[in-house]
Amino acid sequence: MEVEKLDIKNMYIVHIEDKKYLATKNLTPGITYYKERLFKTKYGELREWIPFKSKLSAAYLKNMDISVLNKAKRILYLGMSTGTTVSHISDIIEDRGVIFGVEVAPRVMLEYINRVAKYRDNIIPLFYDARVPQNYFYIVNGKVDMLYCDVAQPDQTEIAIRNAKLYLKEGGELFLAIKARSIDAARDPEEIYKIEIRKLEKNGFKVIESVNLEPYEKDHAMVRAKLR
Ligand code: SAM
């Protein structure tokens with residue numbers, strides 16, 4: 001086994017024979033969350049970050065710049081689900097900061113609480129609808145360095161914009177996962193990405209880059225943007 005340190009803190013590539021695994025340093029040694037592998041290395045225990053299960057892992061492997069994670073102290077995450085991706089962000093930022101994780105589905109939130117919350121204290125779960133960001137205003141209590149939106153809804157871009165206007169600080173970065181099929185299953189996904197990007201631009205964002213997440217996620221793109 002060979003281990004390569006990456007440009008993002010607590011991120012590595014583990015090489016085993018002819019295979020490569022993206023991984024983060026496990027903040028909770030011995031504990032896994034979604035049947036990911038653990039690797040014992042000279043850097044400590046690393047946890048596989050599976051690109052087929054996490055769009056942020058897929059985006060990184062498709063060369064998206066996620067270096068905002070090297071300095072972000074406050075992150076707002078919309079559509080936390082049972083915590084797959086948020087657990088890796090939690091590994092990366094360790095005790096430097098905090099992630100506010102918004103999730104609206106009660107069963108999903110319960111599974112998150114049982115699976116992840118008890119082990120990680122840098123994630124604050126918010127059981128709210130991300131369509132109404134004012135409702136968690138007094139908990140988030142200030143601006144964030146990074147806004148991550150993966151709600152897989154037809155109005156996913158509008159939800160991201162509404163939250164960004166309230167919470168994203170100047171120079172902070174938005175990561176928006178666009179699920180084309182949530183918007184229109186019949187239309188060409190590339191056309192849908194263009195329309196959603198246009199919406200961001202009309203609402204004062206500078207779109208820095210956009211990557212198609214195939215082969216990891218079919219009909220999905222990740223967009224990285226800043227508020228102008
Ligand atoms: N980001 C997750 C990950 O990578 O581990 C996967 C997210 S999954 C594609 C979308 C999630 O968004 C679901 O858990 C869903 O319940 C949640 N969601 C959908 N609409 C929402 C809303 N309006 N507010 C908050 N969460 C929402």
# chains A, B, ... in the order shown; residues from 1 in each chain; ligands from 1

call {"tool": "residues_near_ligand", "arguments": {"ligand": "ligand 1", "cutoff": "7 Å", "atoms": "only C-alpha atoms and all ligand atoms", "output": "ChimeraX atom specification"}}
result
/A:53-55,78-86,102-105,108,128-131,150-153

call {"tool": "write_last_selection", "arguments": {"atoms": "N, CA and C atoms", "output": "tab-separated table (two decimals), in the first residue's frame"}}
result
chain	number	residue	atom	x	y	z
A	53	LYS	N	-20.82	7.47	-4.17
A	53	LYS	CA	-21.78	7.73	-3.08
A	53	LYS	C	-21.76	9.18	-2.63
A	54	SER	N	-20.78	9.96	-3.09
A	54	SER	CA	-20.66	11.35	-2.66
A	54	SER	C	-20.30	12.23	-3.84
A	55	LYS	N	-21.16	13.21	-4.12
A	55	LYS	CA	-20.91	14.07	-5.29
A	55	LYS	C	-19.70	14.97	-5.10
A	78	LEU	N	-26.88	21.97	2.76
A	78	LEU	CA	-28.32	21.76	2.55
A	78	LEU	C	-28.56	20.39	1.92
A	79	GLY	N	-29.38	19.58	2.56
A	79	GLY	CA	-29.64	18.23	2.05
A	79	GLY	C	-28.60	17.27	2.59
A	80	MET	N	-28.50	17.23	3.91
A	80	MET	CA	-27.42	16.45	4.56
A	80	MET	C	-27.65	14.95	4.44
A	81	SER	N	-28.91	14.56	4.29
A	81	SER	CA	-29.29	13.15	4.23
A	81	SER	C	-28.73	12.42	5.46
A	82	THR	N	-28.26	11.17	5.27
A	82	THR	CA	-27.79	10.41	6.44
A	82	THR	C	-26.32	10.70	6.76
A	83	GLY	N	-25.73	11.65	6.04
A	83	GLY	CA	-24.43	12.16	6.48
A	83	GLY	C	-23.21	11.63	5.74
A	84	THR	N	-23.39	11.01	4.60
A	84	THR	CA	-22.23	10.46	3.89
A	84	THR	C	-21.18	11.55	3.60
A	85	THR	N	-21.57	12.54	2.81
A	85	THR	CA	-20.60	13.57	2.42
A	85	THR	C	-20.22	14.44	3.61
A	86	VAL	N	-21.20	14.78	4.43
A	86	VAL	CA	-20.90	15.69	5.55
A	86	VAL	C	-19.88	15.04	6.50
A	102	VAL	N	-28.51	20.88	7.14
A	102	VAL	CA	-29.97	21.02	7.07
A	102	VAL	C	-30.57	19.79	6.37
A	103	GLU	N	-31.58	19.22	7.00
A	103	GLU	CA	-32.27	18.07	6.40
A	103	GLU	C	-33.74	18.13	6.79
A	104	VAL	N	-34.64	17.89	5.81
A	104	VAL	CA	-36.07	18.07	6.06
A	104	VAL	C	-36.81	16.74	6.32
A	105	ALA	N	-36.26	15.63	5.88
A	105	ALA	CA	-37.00	14.37	5.99
A	105	ALA	C	-36.78	13.74	7.37
A	108	VAL	N	-34.88	10.32	7.61
A	108	VAL	CA	-33.48	10.47	7.20
A	108	VAL	C	-32.70	11.13	8.34
A	128	TYR	N	-34.83	21.23	9.34
A	128	TYR	CA	-35.58	22.35	8.77
A	128	TYR	C	-35.74	22.16	7.27
A	129	ASP	N	-36.66	22.93	6.70
A	129	ASP	CA	-36.83	22.99	5.25
A	129	ASP	C	-35.90	24.09	4.71
A	130	ALA	N	-34.98	23.71	3.84
A	130	ALA	CA	-34.03	24.69	3.29
A	130	ALA	C	-34.70	25.73	2.40
A	131	ARG	N	-35.98	25.52	2.07
A	131	ARG	CA	-36.70	26.54	1.28
A	131	ARG	C	-37.00	27.77	2.12
A	150	ASP	N	-27.27	20.19	-2.01
A	150	ASP	CA	-27.54	18.92	-2.73
A	150	ASP	C	-28.91	18.41	-2.28
A	151	VAL	N	-29.97	19.13	-2.68
A	151	VAL	CA	-31.30	18.78	-2.21
A	151	VAL	C	-32.12	17.99	-3.25
A	152	ALA	N	-31.60	17.88	-4.48
A	152	ALA	CA	-32.26	17.10	-5.53
A	152	ALA	C	-33.74	17.46	-5.68
A	153	GLN	N	-34.01	18.73	-5.81
A	153	GLN	CA	-35.38	19.22	-5.97
A	153	GLN	C	-35.48	20.03	-7.26

call {"tool": "closest_atom_pairs", "arguments": {"of": "region 45-72 of chain A", "to": "region 198-212 of chain A", "cutoff": "12 Å", "atoms": "only C-alpha atoms", "output": "CSV"}}
result
residue,atom,partner,partner_atom,distance
A:Lys55,CA,A:Asn212,CA,10.3
A:Leu56,CA,A:Val211,CA,10.8
A:Ala58,CA,A:Asn212,CA,9.3
A:Ala59,CA,A:Val211,CA,6.8
A:Tyr60,CA,A:Val211,CA,9.5
A:Leu61,CA,A:Val211,CA,10.2
A:Lys62,CA,A:Val211,CA,6.8
A:Asn63,CA,A:Val211,CA,8.1
A:Met64,CA,A:Val211,CA,7.0
A:Asp65,CA,A:Glu209,CA,8.6
A:Ile66,CA,A:Glu209,CA,11.0

call {"tool": "residues_around", "arguments": {"residues": "Val68 (chain A)", "least_positions_apart": "4", "cutoff": "8 Å", "atoms": "only C-alpha atoms", "output": "count of residues only"}}
result
4

call {"tool": "select_by_dssp", "arguments": {"residues": "region 100-156 of chain A", "states": "helix (DSSP H, G or I)", "output": "PyMOL selection string"}}
result
chain A and resi 106-115+117-119+133-140+156

call {"tool": "write_last_selection", "arguments": {"atoms": "C-alpha atoms", "output": "tab-separated table (two decimals), in the first residue's frame"}}
result
chain	number	residue	atom	x	y	z
A	106	PRO	CA	-37.70	13.07	9.52
A	107	ARG	CA	-36.66	9.43	8.93
A	108	VAL	CA	-33.48	10.47	7.20
A	109	MET	CA	-32.65	12.87	10.02
A	110	LEU	CA	-33.29	10.13	12.58
A	111	GLU	CA	-30.93	7.81	10.74
A	112	TYR	CA	-28.34	10.60	10.65
A	113	ILE	CA	-28.71	11.10	14.42
A	114	ASN	CA	-28.31	7.39	15.11
A	115	ARG	CA	-25.48	6.83	12.67
A	117	ALA	CA	-24.40	12.66	15.23
A	118	LYS	CA	-23.28	10.85	18.37
A	119	TYR	CA	-19.72	10.52	17.07
A	133	PRO	CA	-33.72	29.72	5.39
A	134	GLN	CA	-34.95	32.44	7.78
A	135	ASN	CA	-36.11	29.67	10.12
A	136	TYR	CA	-32.55	28.75	11.09
A	137	PHE	CA	-31.22	32.31	11.12
A	138	TYR	CA	-30.77	32.43	14.89
A	139	ILE	CA	-28.95	29.11	14.97
A	140	VAL	CA	-26.54	29.75	12.12
A	156	GLN	CA	-32.62	23.32	-6.15

call {"tool": "residues_around", "arguments": {"residues": "region 4-17 of chain A", "least_positions_apart": "4", "cutoff": "10 Å", "atoms": "only C-alpha atoms", "output": "PDB file with all heavy atoms, in the first residue's frame"}}
result
ATOM      1  N   TYR A  21      -7.786   4.818  -4.114  1.00  0.00           N
ATOM      2  CA  TYR A  21      -8.958   5.162  -3.313  1.00  0.00           C
ATOM      3  C   TYR A  21      -8.759   6.569  -2.740  1.00  0.00           C
ATOM      4  O   TYR A  21      -7.752   6.814  -2.057  1.00  0.00           O
ATOM      5  CB  TYR A  21      -9.132   4.184  -2.146  1.00  0.00           C
ATOM      6  CG  TYR A  21      -9.253   2.739  -2.589  1.00  0.00           C
ATOM      7  CD1 TYR A  21      -8.119   1.933  -2.695  1.00  0.00           C
ATOM      8  CD2 TYR A  21     -10.501   2.201  -2.907  1.00  0.00           C
ATOM      9  CE1 TYR A  21      -8.224   0.612  -3.110  1.00  0.00           C
ATOM     10  CE2 TYR A  21     -10.615   0.884  -3.318  1.00  0.00           C
ATOM     11  CZ  TYR A  21      -9.470   0.091  -3.418  1.00  0.00           C
ATOM     12  OH  TYR A  21      -9.578  -1.216  -3.830  1.00  0.00           O
ATOM     13  N   LEU A  22      -9.730   7.437  -2.989  1.00  0.00           N
ATOM     14  CA  LEU A  22      -9.707   8.735  -2.320  1.00  0.00           C
ATOM     15  C   LEU A  22     -10.127   8.490  -0.871  1.00  0.00           C
ATOM     16  O   LEU A  22     -11.007   7.655  -0.603  1.00  0.00           O
ATOM     17  CB  LEU A  22     -10.693   9.690  -3.007  1.00  0.00           C
ATOM     18  CG  LEU A  22     -10.695  11.133  -2.518  1.00  0.00           C
ATOM     19  CD1 LEU A  22      -9.365  11.830  -2.832  1.00  0.00           C
ATOM     20  CD2 LEU A  22     -11.828  11.936  -3.181  1.00  0.00           C
ATOM     21  N   ALA A  23      -9.494   9.198   0.078  1.00  0.00           N
ATOM     22  CA  ALA A  23      -9.794   8.936   1.490  1.00  0.00           C
ATOM     23  C   ALA A  23      -9.595  10.193   2.317  1.00  0.00           C
ATOM     24  O   ALA A  23      -8.878  11.111   1.919  1.00  0.00           O
ATOM     25  CB  ALA A  23      -8.875   7.830   2.002  1.00  0.00           C
ATOM     26  N   THR A  24     -10.263  10.221   3.474  1.00  0.00           N
ATOM     27  CA  THR A  24     -10.019  11.299   4.445  1.00  0.00           C
ATOM     28  C   THR A  24      -9.565  10.656   5.748  1.00  0.00           C
ATOM     29  O   THR A  24      -9.877   9.490   6.021  1.00  0.00           O
ATOM     30  CB  THR A  24     -11.281  12.150   4.694  1.00  0.00           C
ATOM     31  OG1 THR A  24     -12.363  11.304   5.122  1.00  0.00           O
ATOM     32  CG2 THR A  24     -11.703  12.914   3.459  1.00  0.00           C
ATOM     33  N   LYS A  25      -8.846  11.442   6.544  1.00  0.00           N
ATOM     34  CA  LYS A  25      -8.362  10.916   7.827  1.00  0.00           C
ATOM     35  C   LYS A  25      -9.540  10.801   8.781  1.00  0.00           C
ATOM     36  O   LYS A  25     -10.235  11.798   9.039  1.00  0.00           O
ATOM     37  CB  LYS A  25      -7.297  11.850   8.388  1.00  0.00           C
ATOM     38  CG  LYS A  25      -6.676  11.295   9.626  1.00  0.00           C
ATOM     39  CD  LYS A  25      -5.447  12.059  10.008  1.00  0.00           C
ATOM     40  CE  LYS A  25      -4.921  11.491  11.294  1.00  0.00           C
ATOM     41  NZ  LYS A  25      -3.798  12.231  11.799  1.00  0.00           N
ATOM     42  N   ASN A  26      -9.763   9.612   9.296  1.00  0.00           N
ATOM     43  CA  ASN A  26     -10.967   9.362  10.098  1.00  0.00           C
ATOM     44  C   ASN A  26     -10.871  10.057  11.460  1.00  0.00           C
ATOM     45  O   ASN A  26     -10.004   9.740  12.271  1.00  0.00           O
ATOM     46  CB  ASN A  26     -11.150   7.844  10.280  1.00  0.00           C
ATOM     47  CG  ASN A  26     -12.542   7.496  10.787  1.00  0.00           C
ATOM     48  OD1 ASN A  26     -13.353   8.391  11.054  1.00  0.00           O
ATOM     49  ND2 ASN A  26     -12.814   6.216  10.931  1.00  0.00           N
ATOM     50  N   LEU A  27     -11.781  10.992  11.661  1.00  0.00           N
ATOM     51  CA  LEU A  27     -11.842  11.715  12.939  1.00  0.00           C
ATOM     52  C   LEU A  27     -12.364  10.795  14.049  1.00  0.00           C
ATOM     53  O   LEU A  27     -12.215  11.101  15.229  1.00  0.00           O
ATOM     54  CB  LEU A  27     -12.798  12.908  12.738  1.00  0.00           C
ATOM     55  CG  LEU A  27     -12.868  14.040  13.741  1.00  0.00           C
ATOM     56  CD1 LEU A  27     -11.512  14.697  13.925  1.00  0.00           C
ATOM     57  CD2 LEU A  27     -13.871  15.100  13.259  1.00  0.00           C
ATOM     58  N   PHE A  39      -8.387   2.258   6.102  1.00  0.00           N
ATOM     59  CA  PHE A  39      -7.006   1.897   5.794  1.00  0.00           C
ATOM     60  C   PHE A  39      -6.116   2.332   6.952  1.00  0.00           C
ATOM     61  O   PHE A  39      -6.147   3.513   7.331  1.00  0.00           O
ATOM     62  CB  PHE A  39      -6.521   2.619   4.524  1.00  0.00           C
ATOM     63  CG  PHE A  39      -7.422   2.444   3.328  1.00  0.00           C
ATOM     64  CD1 PHE A  39      -8.301   3.463   2.940  1.00  0.00           C
ATOM     65  CD2 PHE A  39      -7.393   1.263   2.586  1.00  0.00           C
ATOM     66  CE1 PHE A  39      -9.128   3.314   1.828  1.00  0.00           C
ATOM     67  CE2 PHE A  39      -8.222   1.112   1.464  1.00  0.00           C
ATOM     68  CZ  PHE A  39      -9.095   2.134   1.090  1.00  0.00           C
ATOM     69  N   THR A  41      -2.679   3.447   8.058  1.00  0.00           N
ATOM     70  CA  THR A  41      -1.505   3.971   7.341  1.00  0.00           C
ATOM     71  C   THR A  41      -0.604   4.727   8.309  1.00  0.00           C
ATOM     72  O   THR A  41      -0.993   4.982   9.459  1.00  0.00           O
ATOM     73  CB  THR A  41      -1.925   4.957   6.222  1.00  0.00           C
ATOM     74  OG1 THR A  41      -2.308   6.209   6.845  1.00  0.00           O
ATOM     75  CG2 THR A  41      -3.095   4.445   5.398  1.00  0.00           C
ATOM     76  N   TYR A  43      -0.148   7.728   8.269  1.00  0.00           N
ATOM     77  CA  TYR A  43      -0.822   9.004   8.564  1.00  0.00           C
ATOM     78  C   TYR A  43      -1.994   8.816   9.528  1.00  0.00           C
ATOM     79  O   TYR A  43      -2.731   9.750   9.810  1.00  0.00           O
ATOM     80  CB  TYR A  43      -1.346   9.644   7.275  1.00  0.00           C
ATOM     81  CG  TYR A  43      -0.257  10.008   6.300  1.00  0.00           C
ATOM     82  CD1 TYR A  43      -0.080   9.281   5.128  1.00  0.00           C
ATOM     83  CD2 TYR A  43       0.610  11.066   6.555  1.00  0.00           C
ATOM     84  CE1 TYR A  43       0.925   9.600   4.224  1.00  0.00           C
ATOM     85  CE2 TYR A  43       1.619  11.397   5.663  1.00  0.00           C
ATOM     86  CZ  TYR A  43       1.767  10.654   4.500  1.00  0.00           C
ATOM     87  OH  TYR A  43       2.768  10.987   3.612  1.00  0.00           O
ATOM     88  N   LEU A  46      -7.333   6.005   7.666  1.00  0.00           N
ATOM     89  CA  LEU A  46      -7.986   6.748   6.583  1.00  0.00           C
ATOM     90  C   LEU A  46      -9.280   6.044   6.206  1.00  0.00           C
ATOM     91  O   LEU A  46      -9.405   4.827   6.317  1.00  0.00           O
ATOM     92  CB  LEU A  46      -7.065   6.852   5.373  1.00  0.00           C
ATOM     93  CG  LEU A  46      -5.663   7.413   5.624  1.00  0.00           C
ATOM     94  CD1 LEU A  46      -4.910   7.548   4.308  1.00  0.00           C
ATOM     95  CD2 LEU A  46      -5.713   8.778   6.326  1.00  0.00           C
ATOM     96  N   ARG A  47     -10.236   6.847   5.752  1.00  0.00           N
ATOM     97  CA  ARG A  47     -11.578   6.351   5.438  1.00  0.00           C
ATOM     98  C   ARG A  47     -11.851   6.623   3.962  1.00  0.00           C
ATOM     99  O   ARG A  47     -11.732   7.776   3.520  1.00  0.00           O
ATOM    100  CB  ARG A  47     -12.558   7.135   6.322  1.00  0.00           C
ATOM    101  CG  ARG A  47     -13.896   6.503   6.565  1.00  0.00           C
ATOM    102  CD  ARG A  47     -14.516   7.103   7.828  1.00  0.00           C
ATOM    103  NE  ARG A  47     -14.758   8.520   7.714  1.00  0.00           N
ATOM    104  CZ  ARG A  47     -15.832   9.065   7.150  1.00  0.00           C
ATOM    105  NH1 ARG A  47     -16.789   8.305   6.672  1.00  0.00           N
ATOM    106  NH2 ARG A  47     -15.970  10.375   7.089  1.00  0.00           N
ATOM    107  N   GLU A  48     -12.190   5.572   3.244  1.00  0.00           N
ATOM    108  CA  GLU A  48     -12.457   5.715   1.813  1.00  0.00           C
ATOM    109  C   GLU A  48     -13.591   6.719   1.578  1.00  0.00           C
ATOM    110  O   GLU A  48     -14.599   6.691   2.296  1.00  0.00           O
ATOM    111  CB  GLU A  48     -12.862   4.333   1.268  1.00  0.00           C
ATOM    112  CG  GLU A  48     -13.141   4.321  -0.201  1.00  0.00           C
ATOM    113  CD  GLU A  48     -13.641   2.957  -0.683  1.00  0.00           C
ATOM    114  OE1 GLU A  48     -13.966   2.096   0.169  1.00  0.00           O
ATOM    115  OE2 GLU A  48     -13.716   2.761  -1.901  1.00  0.00           O
ATOM    116  N   TRP A  49     -13.403   7.596   0.598  1.00  0.00           N
ATOM    117  CA  TRP A  49     -14.448   8.577   0.251  1.00  0.00           C
ATOM    118  C   TRP A  49     -14.945   8.189  -1.142  1.00  0.00           C
ATOM    119  O   TRP A  49     -14.323   8.520  -2.144  1.00  0.00           O
ATOM    120  CB  TRP A  49     -13.860   9.985   0.283  1.00  0.00           C
ATOM    121  CG  TRP A  49     -14.891  11.076   0.202  1.00  0.00           C
ATOM    122  CD1 TRP A  49     -16.248  10.933   0.143  1.00  0.00           C
ATOM    123  CD2 TRP A  49     -14.633  12.488   0.170  1.00  0.00           C
ATOM    124  NE1 TRP A  49     -16.848  12.164   0.076  1.00  0.00           N
ATOM    125  CE2 TRP A  49     -15.885  13.123   0.095  1.00  0.00           C
ATOM    126  CE3 TRP A  49     -13.479  13.266   0.199  1.00  0.00           C
ATOM    127  CZ2 TRP A  49     -16.005  14.505   0.036  1.00  0.00           C
ATOM    128  CZ3 TRP A  49     -13.592  14.640   0.141  1.00  0.00           C
ATOM    129  CH2 TRP A  49     -14.846  15.266   0.070  1.00  0.00           C
ATOM    130  N   ASP A  65     -11.861  22.352  -7.964  1.00  0.00           N
ATOM    131  CA  ASP A  65     -11.049  22.910  -6.877  1.00  0.00           C
ATOM    132  C   ASP A  65     -11.920  22.995  -5.613  1.00  0.00           C
ATOM    133  O   ASP A  65     -12.889  23.755  -5.573  1.00  0.00           O
ATOM    134  CB  ASP A  65     -10.573  24.307  -7.318  1.00  0.00           C
ATOM    135  CG  ASP A  65      -9.736  25.008  -6.248  1.00  0.00           C
ATOM    136  OD1 ASP A  65      -9.648  24.488  -5.119  1.00  0.00           O
ATOM    137  OD2 ASP A  65      -9.195  26.087  -6.560  1.00  0.00           O
ATOM    138  N   ILE A  66     -11.552  22.222  -4.590  1.00  0.00           N
ATOM    139  CA  ILE A  66     -12.333  22.269  -3.341  1.00  0.00           C
ATOM    140  C   ILE A  66     -11.463  22.828  -2.202  1.00  0.00           C
ATOM    141  O   ILE A  66     -11.702  22.543  -1.034  1.00  0.00           O
ATOM    142  CB  ILE A  66     -12.949  20.891  -2.979  1.00  0.00           C
ATOM    143  CG1 ILE A  66     -11.887  19.827  -2.702  1.00  0.00           C
ATOM    144  CG2 ILE A  66     -13.872  20.399  -4.090  1.00  0.00           C
ATOM    145  CD1 ILE A  66     -12.463  18.549  -2.052  1.00  0.00           C
ATOM    146  N   SER A  67     -10.461  23.628  -2.596  1.00  0.00           N
ATOM    147  CA  SER A  67      -9.493  24.094  -1.596  1.00  0.00           C
ATOM    148  C   SER A  67     -10.104  25.051  -0.572  1.00  0.00           C
ATOM    149  O   SER A  67      -9.471  25.341   0.445  1.00  0.00           O
ATOM    150  CB  SER A  67      -8.290  24.740  -2.278  1.00  0.00           C
ATOM    151  OG  SER A  67      -8.720  25.825  -3.060  1.00  0.00           O
ATOM    152  N   VAL A  68     -11.317  25.536  -0.817  1.00  0.00           N
ATOM    153  CA  VAL A  68     -11.994  26.349   0.207  1.00  0.00           C
ATOM    154  C   VAL A  68     -12.066  25.559   1.522  1.00  0.00           C
ATOM    155  O   VAL A  68     -12.072  26.141   2.613  1.00  0.00           O
ATOM    156  CB  VAL A  68     -13.407  26.789  -0.286  1.00  0.00           C
ATOM    157  CG1 VAL A  68     -14.333  25.613  -0.506  1.00  0.00           C
ATOM    158  CG2 VAL A  68     -14.052  27.774   0.689  1.00  0.00           C
ATOM    159  N   LEU A  69     -12.047  24.233   1.423  1.00  0.00           N
ATOM    160  CA  LEU A  69     -12.114  23.402   2.633  1.00  0.00           C
ATOM    161  C   LEU A  69     -10.848  23.508   3.484  1.00  0.00           C
ATOM    162  O   LEU A  69     -10.843  23.119   4.646  1.00  0.00           O
ATOM    163  CB  LEU A  69     -12.351  21.930   2.256  1.00  0.00           C
ATOM    164  CG  LEU A  69     -13.764  21.605   1.796  1.00  0.00           C
ATOM    165  CD1 LEU A  69     -13.851  20.172   1.279  1.00  0.00           C
ATOM    166  CD2 LEU A  69     -14.761  21.788   2.940  1.00  0.00           C
ATOM    167  N   ASN A  70      -9.767  24.021   2.910  1.00  0.00           N
ATOM    168  CA  ASN A  70      -8.539  24.175   3.703  1.00  0.00           C
ATOM    169  C   ASN A  70      -8.650  25.296   4.719  1.00  0.00           C
ATOM    170  O   ASN A  70      -7.891  25.329   5.680  1.00  0.00           O
ATOM    171  CB  ASN A  70      -7.345  24.461   2.784  1.00  0.00           C
ATOM    172  CG  ASN A  70      -6.764  23.192   2.214  1.00  0.00           C
ATOM    173  OD1 ASN A  70      -6.829  22.134   2.851  1.00  0.00           O
ATOM    174  ND2 ASN A  70      -6.196  23.277   1.021  1.00  0.00           N
ATOM    175  N   LYS A  71      -9.583  26.251   4.455  1.00  0.00           N
ATOM    176  CA  LYS A  71      -9.653  27.383   5.380  1.00  0.00           C
ATOM    177  C   LYS A  71     -11.054  27.641   5.940  1.00  0.00           C
ATOM    178  O   LYS A  71     -11.205  28.421   6.872  1.00  0.00           O
ATOM    179  CB  LYS A  71      -9.100  28.660   4.714  1.00  0.00           C
ATOM    180  CG  LYS A  71      -9.656  28.940   3.329  1.00  0.00           C
ATOM    181  CD  LYS A  71      -8.978  30.156   2.727  1.00  0.00           C
ATOM    182  CE  LYS A  71      -9.700  30.729   1.532  1.00  0.00           C
ATOM    183  NZ  LYS A  71      -9.907  29.867   0.374  1.00  0.00           N
ATOM    184  N   HIS A  88     -17.303  13.332   5.678  1.00  0.00           N
ATOM    185  CA  HIS A  88     -15.953  13.565   5.144  1.00  0.00           C
ATOM    186  C   HIS A  88     -15.549  15.037   5.291  1.00  0.00           C
ATOM    187  O   HIS A  88     -14.389  15.327   5.579  1.00  0.00           O
ATOM    188  CB  HIS A  88     -15.881  13.116   3.680  1.00  0.00           C
ATOM    189  CG  HIS A  88     -15.928  11.625   3.532  1.00  0.00           C
ATOM    190  ND1 HIS A  88     -14.844  10.815   3.800  1.00  0.00           N
ATOM    191  CD2 HIS A  88     -16.935  10.790   3.195  1.00  0.00           C
ATOM    192  CE1 HIS A  88     -15.184   9.538   3.610  1.00  0.00           C
ATOM    193  NE2 HIS A  88     -16.451   9.505   3.245  1.00  0.00           N
ATOM    194  N   ILE A  89     -16.510  15.938   5.113  1.00  0.00           N
ATOM    195  CA  ILE A  89     -16.185  17.354   5.347  1.00  0.00           C
ATOM    196  C   ILE A  89     -15.796  17.531   6.814  1.00  0.00           C
ATOM    197  O   ILE A  89     -14.858  18.256   7.149  1.00  0.00           O
ATOM    198  CB  ILE A  89     -17.380  18.265   4.958  1.00  0.00           C
ATOM    199  CG1 ILE A  89     -17.696  18.117   3.468  1.00  0.00           C
ATOM    200  CG2 ILE A  89     -17.076  19.716   5.286  1.00  0.00           C
ATOM    201  CD1 ILE A  89     -18.888  18.947   2.986  1.00  0.00           C
ATOM    202  N   ASP A  91     -14.346  15.281   8.683  1.00  0.00           N
ATOM    203  CA  ASP A  91     -12.956  14.796   8.801  1.00  0.00           C
ATOM    204  C   ASP A  91     -11.969  15.883   8.385  1.00  0.00           C
ATOM    205  O   ASP A  91     -10.927  16.069   9.005  1.00  0.00           O
ATOM    206  CB  ASP A  91     -12.713  13.613   7.847  1.00  0.00           C
ATOM    207  CG  ASP A  91     -13.240  12.283   8.367  1.00  0.00           C
ATOM    208  OD1 ASP A  91     -13.615  12.203   9.558  1.00  0.00           O
ATOM    209  OD2 ASP A  91     -13.263  11.323   7.568  1.00  0.00           O
ATOM    210  N   ILE A  92     -12.310  16.574   7.302  1.00  0.00           N
ATOM    211  CA  ILE A  92     -11.363  17.545   6.730  1.00  0.00           C
ATOM    212  C   ILE A  92     -11.204  18.760   7.636  1.00  0.00           C
ATOM    213  O   ILE A  92     -10.095  19.209   7.890  1.00  0.00           O
ATOM    214  CB  ILE A  92     -11.824  17.971   5.308  1.00  0.00           C
ATOM    215  CG1 ILE A  92     -11.695  16.775   4.353  1.00  0.00           C
ATOM    216  CG2 ILE A  92     -11.017  19.154   4.783  1.00  0.00           C
ATOM    217  CD1 ILE A  92     -12.374  16.957   3.008  1.00  0.00           C
ATOM    218  N   ILE A  93     -12.312  19.281   8.146  1.00  0.00           N
ATOM    219  CA  ILE A  93     -12.181  20.536   8.918  1.00  0.00           C
ATOM    220  C   ILE A  93     -11.877  20.285  10.404  1.00  0.00           C
ATOM    221  O   ILE A  93     -11.463  21.201  11.102  1.00  0.00           O
ATOM    222  CB  ILE A  93     -13.394  21.483   8.752  1.00  0.00           C
ATOM    223  CG1 ILE A  93     -14.636  20.937   9.451  1.00  0.00           C
ATOM    224  CG2 ILE A  93     -13.702  21.768   7.295  1.00  0.00           C
ATOM    225  CD1 ILE A  93     -15.704  22.024   9.604  1.00  0.00           C
ATOM    226  N   GLU A  94     -12.027  19.084  10.884  1.00  0.00           N
ATOM    227  CA  GLU A  94     -11.753  18.709  12.285  1.00  0.00           C
ATOM    228  C   GLU A  94     -12.309  19.751  13.256  1.00  0.00           C
ATOM    229  O   GLU A  94     -13.441  20.160  13.119  1.00  0.00           O
ATOM    230  CB  GLU A  94     -10.246  18.557  12.522  1.00  0.00           C
ATOM    231  CG  GLU A  94      -9.530  17.581  11.648  1.00  0.00           C
ATOM    232  CD  GLU A  94      -8.044  17.695  11.854  1.00  0.00           C
ATOM    233  OE1 GLU A  94      -7.438  18.647  11.353  1.00  0.00           O
ATOM    234  OE2 GLU A  94      -7.479  16.809  12.515  1.00  0.00           O
TER     235      GLU A  94
END

call {"tool": "closest_residue", "arguments": {"among": "A:Lys143, A:Pro215, A:Thr28, A:Ala185", "to": "Asn122 (chain A)", "atoms": "only C-alpha atoms"}}
result
A:Thr28

call {"tool": "residues_around", "arguments": {"residues": "region 187-193 of chain A", "least_positions_apart": "6", "cutoff": "10 Å", "atoms": "only C-alpha atoms", "output": "ChimeraX atom specification"}}
result
/A:177-181,199,210-212,218-223

call {"tool": "atom_distance", "arguments": {"atom1": "CA of Thr157 (chain A)", "atom2": "CA of Ile197 (chain A)"}}
result
8.6 Å

call {"tool": "select_by_dssp", "arguments": {"residues": "region 59-148 of chain A", "states": "strand (DSSP E or B)", "output": "list in words"}}
result
Arg74, Ile75, Leu76, Tyr77, Leu78, Val98, Ile99, Phe100, Gly101, Val102, Ile123, Ile124, Pro125, Leu126, Val144, Asp145, Met146, Leu147 and Tyr148 of chain A

call {"tool": "residues_around", "arguments": {"residues": "Val144 (chain A)", "least_positions_apart": "2", "cutoff": "10 Å", "atoms": "only C-alpha atoms", "output": "PyMOL selection string"}}
result
chain A and resi 72-76+98-100+140-142+146-147+164+166-170+172-173
